Amino acid sequence: MKTVQIGIKENLLNFILLVVTNFFVGSMVGLERTILPIIGEEDFGLVSTSAALSFIISFGFSKAIVNYFAGAIADRFGRKKVLLVGWSVGLLVPLLVIFASSWWMIVVANIFLGINQGLTWSMTVNMKIDLAKPTQRGFAVGFNEFAGYTGVAVMAAVSGFIASSYSNRPEPFYIGIVIVVIGFALSLIVKDTQAHIKLQASTSTKNTTLSAADIFKNTTYKNKNLSILTFSGLSTNLKDGMAWGLFPIFFASVGLSLSQIGLLVAIYPASWGFFQLFTGFLSDKIGRKKLIVGGMWLQAISLWMILLVNEYNTWIVAAILLGVGTAMVYPTLQASISDIADPSWRASSMGVYRFWRDSGYAFGALFAGILTDLLNVGWAIGLVAILPLSAGIIAAIRLRETLPSLSKENS
């Protein structure tokens with residue numbers, strides 16, 4: 001029997017398979033990112049922005065809820081089984097969008113997309129953390145998010161191009177069926193990481209056992225560090241829920257073409273994905289706090305920049321900076337959670353964090369829709385930017401460094 005070892009190099013093939021798998025996980029979201037808000041207006045005649053963004057609300061809440069249960073289920077039954085179930089559910093998404101005769105079918109499709117993402121993305125990130133050494137967690141999460149958001153960006157651009165060349169439906173969503181088949185096949189090849197969890201738990205110095213209720217309370221509000229990380233994650237995805245829904249509408253309102261909108265909408269997650277290759281690794285070297293604080297502030301500044309400029313190339317720069325700010329915090333927050341949580345309840349704590357973080361999609365779309373209907377799209381973008389700014393201020397004041405080597409020096 002092969003000896004179980006912890007480390008990315010020691011588990012390189014499985015790690016690479018998980019990276020490639022998460023590219024296709026992210027591609028499922030990218031498929032919708034450019035064209036679904038426009039489908040709401042053009043195909044179904046939705047006038048209210050709140051109604052048009054209802055698909056993001058359904059996606060955000062379903063993904064958040066599934067994230068919470070996915071961690072606990074994975075701790076009990078294993079990561080691979082949950083990953084395969086997630087891909088099975090994903091097949092319903094492109095089929096429902098292709099055959100949708102009314103908007104409620106699009107909303108239902110995004111409930112299934114949320115389930116798909118909650119199960120598959122949660123498992124790929126947890127499995128990489130299971131394989132990695134404590135000093136490699138930022139890199140592992142960064143690589144996972146790089147792959148996922150590269151998938152988002154590629155499919156956002158591809159779907160926009162196909163929609164402009166053919167039609168909004170069904171042609172772009174045929175690709176979704178292919179994505180699901182490839183993702184499921186890759187997940188069959190991936191090896192489960194239960195043995196790695198047991199090895200880490202056996203060598204842990206924390207040796208704490210917590211109930212599901214205690215894990216939820218600690219991650220949400222009782223543990224100071226965990227609660228700040230959770231609020232920062234929620235603020236980040238609240239901003240992204242707004243961006244997902246309003247960016248196509250905002251850029252269309254200033255006269256940009258669908259292909260130009262597709263490029264702008266793709267550049268933001270592409271930047272987000274690419275720079276996570278470096279920010280996750282950097283957090284393993286210089287610590288988590290600096291990146292979290294700076295990244296939250298950069299997100300707010302980039303949103304205001306989008307409103308203040310009025311030129312296509314400058315919007316591209318602002319979209320890149322928004323992606324950089326998000327990349328600074330996204331892998332770092334998850335690595336920081338894994339620094340704090342014991343291996344025996346790490347996936348459950350990550351599930352609670354991801355529950356609150358991804359509920360931000362829904363809250364962001366909800367607030368963006370209401371603010372746009374009451375005021376206008378510019379005001380909605382500007383007001384939403386206040387939340388990441390506030391999260392950065394709180395982290396600067398109250399967050400303690402969690403990277404094991406630096407936290408020991410500071411204790």
# chains A, B, ... in the order shown; residues from 1 in each chain; ligands from 1

$ residues_around --residues "range 297-302 of chain A" --least-positions-apart "3" --cutoff "9 Å" --atoms "only C-alpha atoms" --output "ChimeraX atom specification"
/A:236,239,292-294,305-307,317-326,382,384-393

$ write_last_selection --atoms "C-alpha atoms" --output "short mmCIF file (atom, residue, chain, number, x, y, z; two decimals), in the first residue's frame"
data_model
loop_
_atom_site.label_atom_id
_atom_site.label_comp_id
_atom_site.auth_asym_id
_atom_site.auth_seq_id
_atom_site.Cartn_x
_atom_site.Cartn_y
_atom_site.Cartn_z
CA THR A 236 -16.24 40.73 -1.98
CA LYS A 239 -19.58 43.44 -5.04
CA ILE A 292 -6.71 41.24 2.58
CA VAL A 293 -6.71 44.89 3.66
CA GLY A 294 -5.16 46.21 0.44
CA MET A 305 -12.94 54.48 -11.15
CA ILE A 306 -15.38 52.75 -13.54
CA LEU A 307 -17.93 55.46 -12.77
CA VAL A 317 -7.71 49.28 -16.81
CA ALA A 318 -10.38 49.66 -14.12
CA ALA A 319 -11.68 46.14 -14.81
CA ILE A 320 -8.13 44.76 -14.50
CA LEU A 321 -7.60 46.60 -11.19
CA LEU A 322 -10.93 45.29 -9.89
CA GLY A 323 -9.72 41.79 -10.72
CA VAL A 324 -6.37 42.41 -8.99
CA GLY A 325 -8.13 43.61 -5.82
CA THR A 326 -10.37 40.56 -5.80
CA GLY A 382 -21.01 53.55 -6.31
CA VAL A 384 -22.10 49.00 -3.26
CA ALA A 385 -18.39 49.97 -3.28
CA ILE A 386 -18.74 51.26 0.29
CA LEU A 387 -18.98 47.71 1.66
CA PRO A 388 -15.54 46.39 0.57
CA LEU A 389 -14.04 49.69 1.74
CA SER A 390 -15.60 49.16 5.18
CA ALA A 391 -14.45 45.54 5.34
CA GLY A 392 -10.89 46.64 4.60
CA ILE A 393 -10.99 49.22 7.39
#

$ residues_around --residues "Ile261 in chain A" --least-positions-apart "5" --cutoff "12 Å" --atoms "only C-alpha atoms" --output "MDAnalysis selection string"
chainID A and resid 33:35 37:38 156:157 159:161 163:164 244 246:256 266:268 312 315:316 319

$ atom_distance --atom1 "CA of Ser122 in chain A" --atom2 "CA of Thr279 in chain A"
19.7 Å

$ closest_residue --among "A:Thr193, A:Asn11, A:Ser54, A:Gln136" --to "Met123 in chain A" --atoms "only C-alpha atoms"
A:Thr193

$ residues_around --residues "Ile6 in chain A" --least-positions-apart "3" --cutoff "9 Å" --atoms "only C-alpha atoms" --output "MDAnalysis selection string"
chainID A and resid 9:11 130:133 196 199:200

$ closest_residue --among "A:Ser349, A:Ser271, A:Arg354, A:Thr124" --to "Asp214 in chain A" --atoms "only C-alpha atoms"
A:Ser349

$ atom_distance --atom1 "CA of Phe143 in chain A" --atom2 "CA of Leu229 in chain A"
19.8 Å

$ atom_distance --atom1 "CA of Ile381 in chain A" --atom2 "CA of Leu303 in chain A"
6.8 Å

$ closest_residue --among "A:Ser50, A:Asn14, A:Ser88, A:Ser165" --to "Gly364 in chain A" --atoms "only C-alpha atoms"
A:Ser50

$ closest_residue --among "A:Ser27, A:Ser211, A:Asn22, A:Ser257" --to "Ala72 in chain A" --atoms "only C-alpha atoms"
A:Ser211

$ residues_around --residues "Thr332 in chain A" --least-positions-apart "2" --cutoff "8 Å" --atoms "only C-alpha atoms" --output "ChimeraX atom specification"
/A:138,141-142,279-280,283,288,291-292,328-330,334-336

$ write_last_selection --atoms "N, CA and C atoms" --output "JSON list (two decimals), in the first residue's frame"
[["chain", "number", "residue", "atom", "x", "y", "z"],
["A", 138, "GLY", "N", -1.92, 28.89, 0.65],
["A", 138, "GLY", "CA", -2.22, 30.05, -0.18],
["A", 138, "GLY", "C", -2.00, 29.75, -1.65],
["A", 141, "VAL", "N", -4.83, 27.26, -2.88],
["A", 141, "VAL", "CA", -6.10, 27.94, -3.11],
["A", 141, "VAL", "C", -5.99, 28.89, -4.29],
["A", 142, "GLY", "N", -4.87, 29.60, -4.38],
["A", 142, "GLY", "CA", -4.67, 30.53, -5.49],
["A", 142, "GLY", "C", -4.71, 29.83, -6.84],
["A", 279, "THR", "N", -0.93, 35.94, -5.88],
["A", 279, "THR", "CA", -1.35, 36.44, -4.57],
["A", 279, "THR", "C", -1.46, 35.33, -3.54],
["A", 280, "GLY", "N", -1.94, 34.15, -3.96],
["A", 280, "GLY", "CA", -2.02, 33.04, -3.02],
["A", 280, "GLY", "C", -0.64, 32.65, -2.52],
["A", 283, "SER", "N", 0.84, 35.31, -0.22],
["A", 283, "SER", "CA", 0.31, 35.28, 1.15],
["A", 283, "SER", "C", 1.01, 34.24, 2.02],
["A", 288, "ARG", "N", -1.13, 37.01, 5.46],
["A", 288, "ARG", "CA", -2.47, 37.16, 4.87],
["A", 288, "ARG", "C", -3.01, 38.59, 5.01],
["A", 291, "LEU", "N", -2.52, 41.59, 2.32],
["A", 291, "LEU", "CA", -3.22, 41.36, 1.06],
["A", 291, "LEU", "C", -4.73, 41.55, 1.21],
["A", 292, "ILE", "N", -5.27, 41.10, 2.35],
["A", 292, "ILE", "CA", -6.71, 41.24, 2.58],
["A", 292, "ILE", "C", -7.10, 42.71, 2.67],
["A", 328, "MET", "N", -6.34, 39.57, -4.69],
["A", 328, "MET", "CA", -5.55, 39.73, -3.47],
["A", 328, "MET", "C", -6.24, 39.09, -2.26],
["A", 329, "VAL", "N", -7.57, 39.10, -2.27],
["A", 329, "VAL", "CA", -8.29, 38.60, -1.08],
["A", 329, "VAL", "C", -8.83, 37.19, -1.25],
["A", 330, "TYR", "N", -9.18, 36.79, -2.47],
["A", 330, "TYR", "CA", -9.95, 35.56, -2.64],
["A", 330, "TYR", "C", -9.23, 34.31, -2.14],
["A", 334, "GLN", "N", -9.45, 32.27, 2.11],
["A", 334, "GLN", "CA", -9.65, 30.83, 2.31],
["A", 334, "GLN", "C", -8.43, 30.18, 2.95],
["A", 335, "ALA", "N", -7.24, 30.62, 2.56],
["A", 335, "ALA", "CA", -6.03, 30.10, 3.20],
["A", 335, "ALA", "C", -6.01, 30.47, 4.68],
["A", 336, "SER", "N", -6.46, 31.67, 4.99],
["A", 336, "SER", "CA", -6.49, 32.14, 6.37],
["A", 336, "SER", "C", -7.48, 31.32, 7.21]]
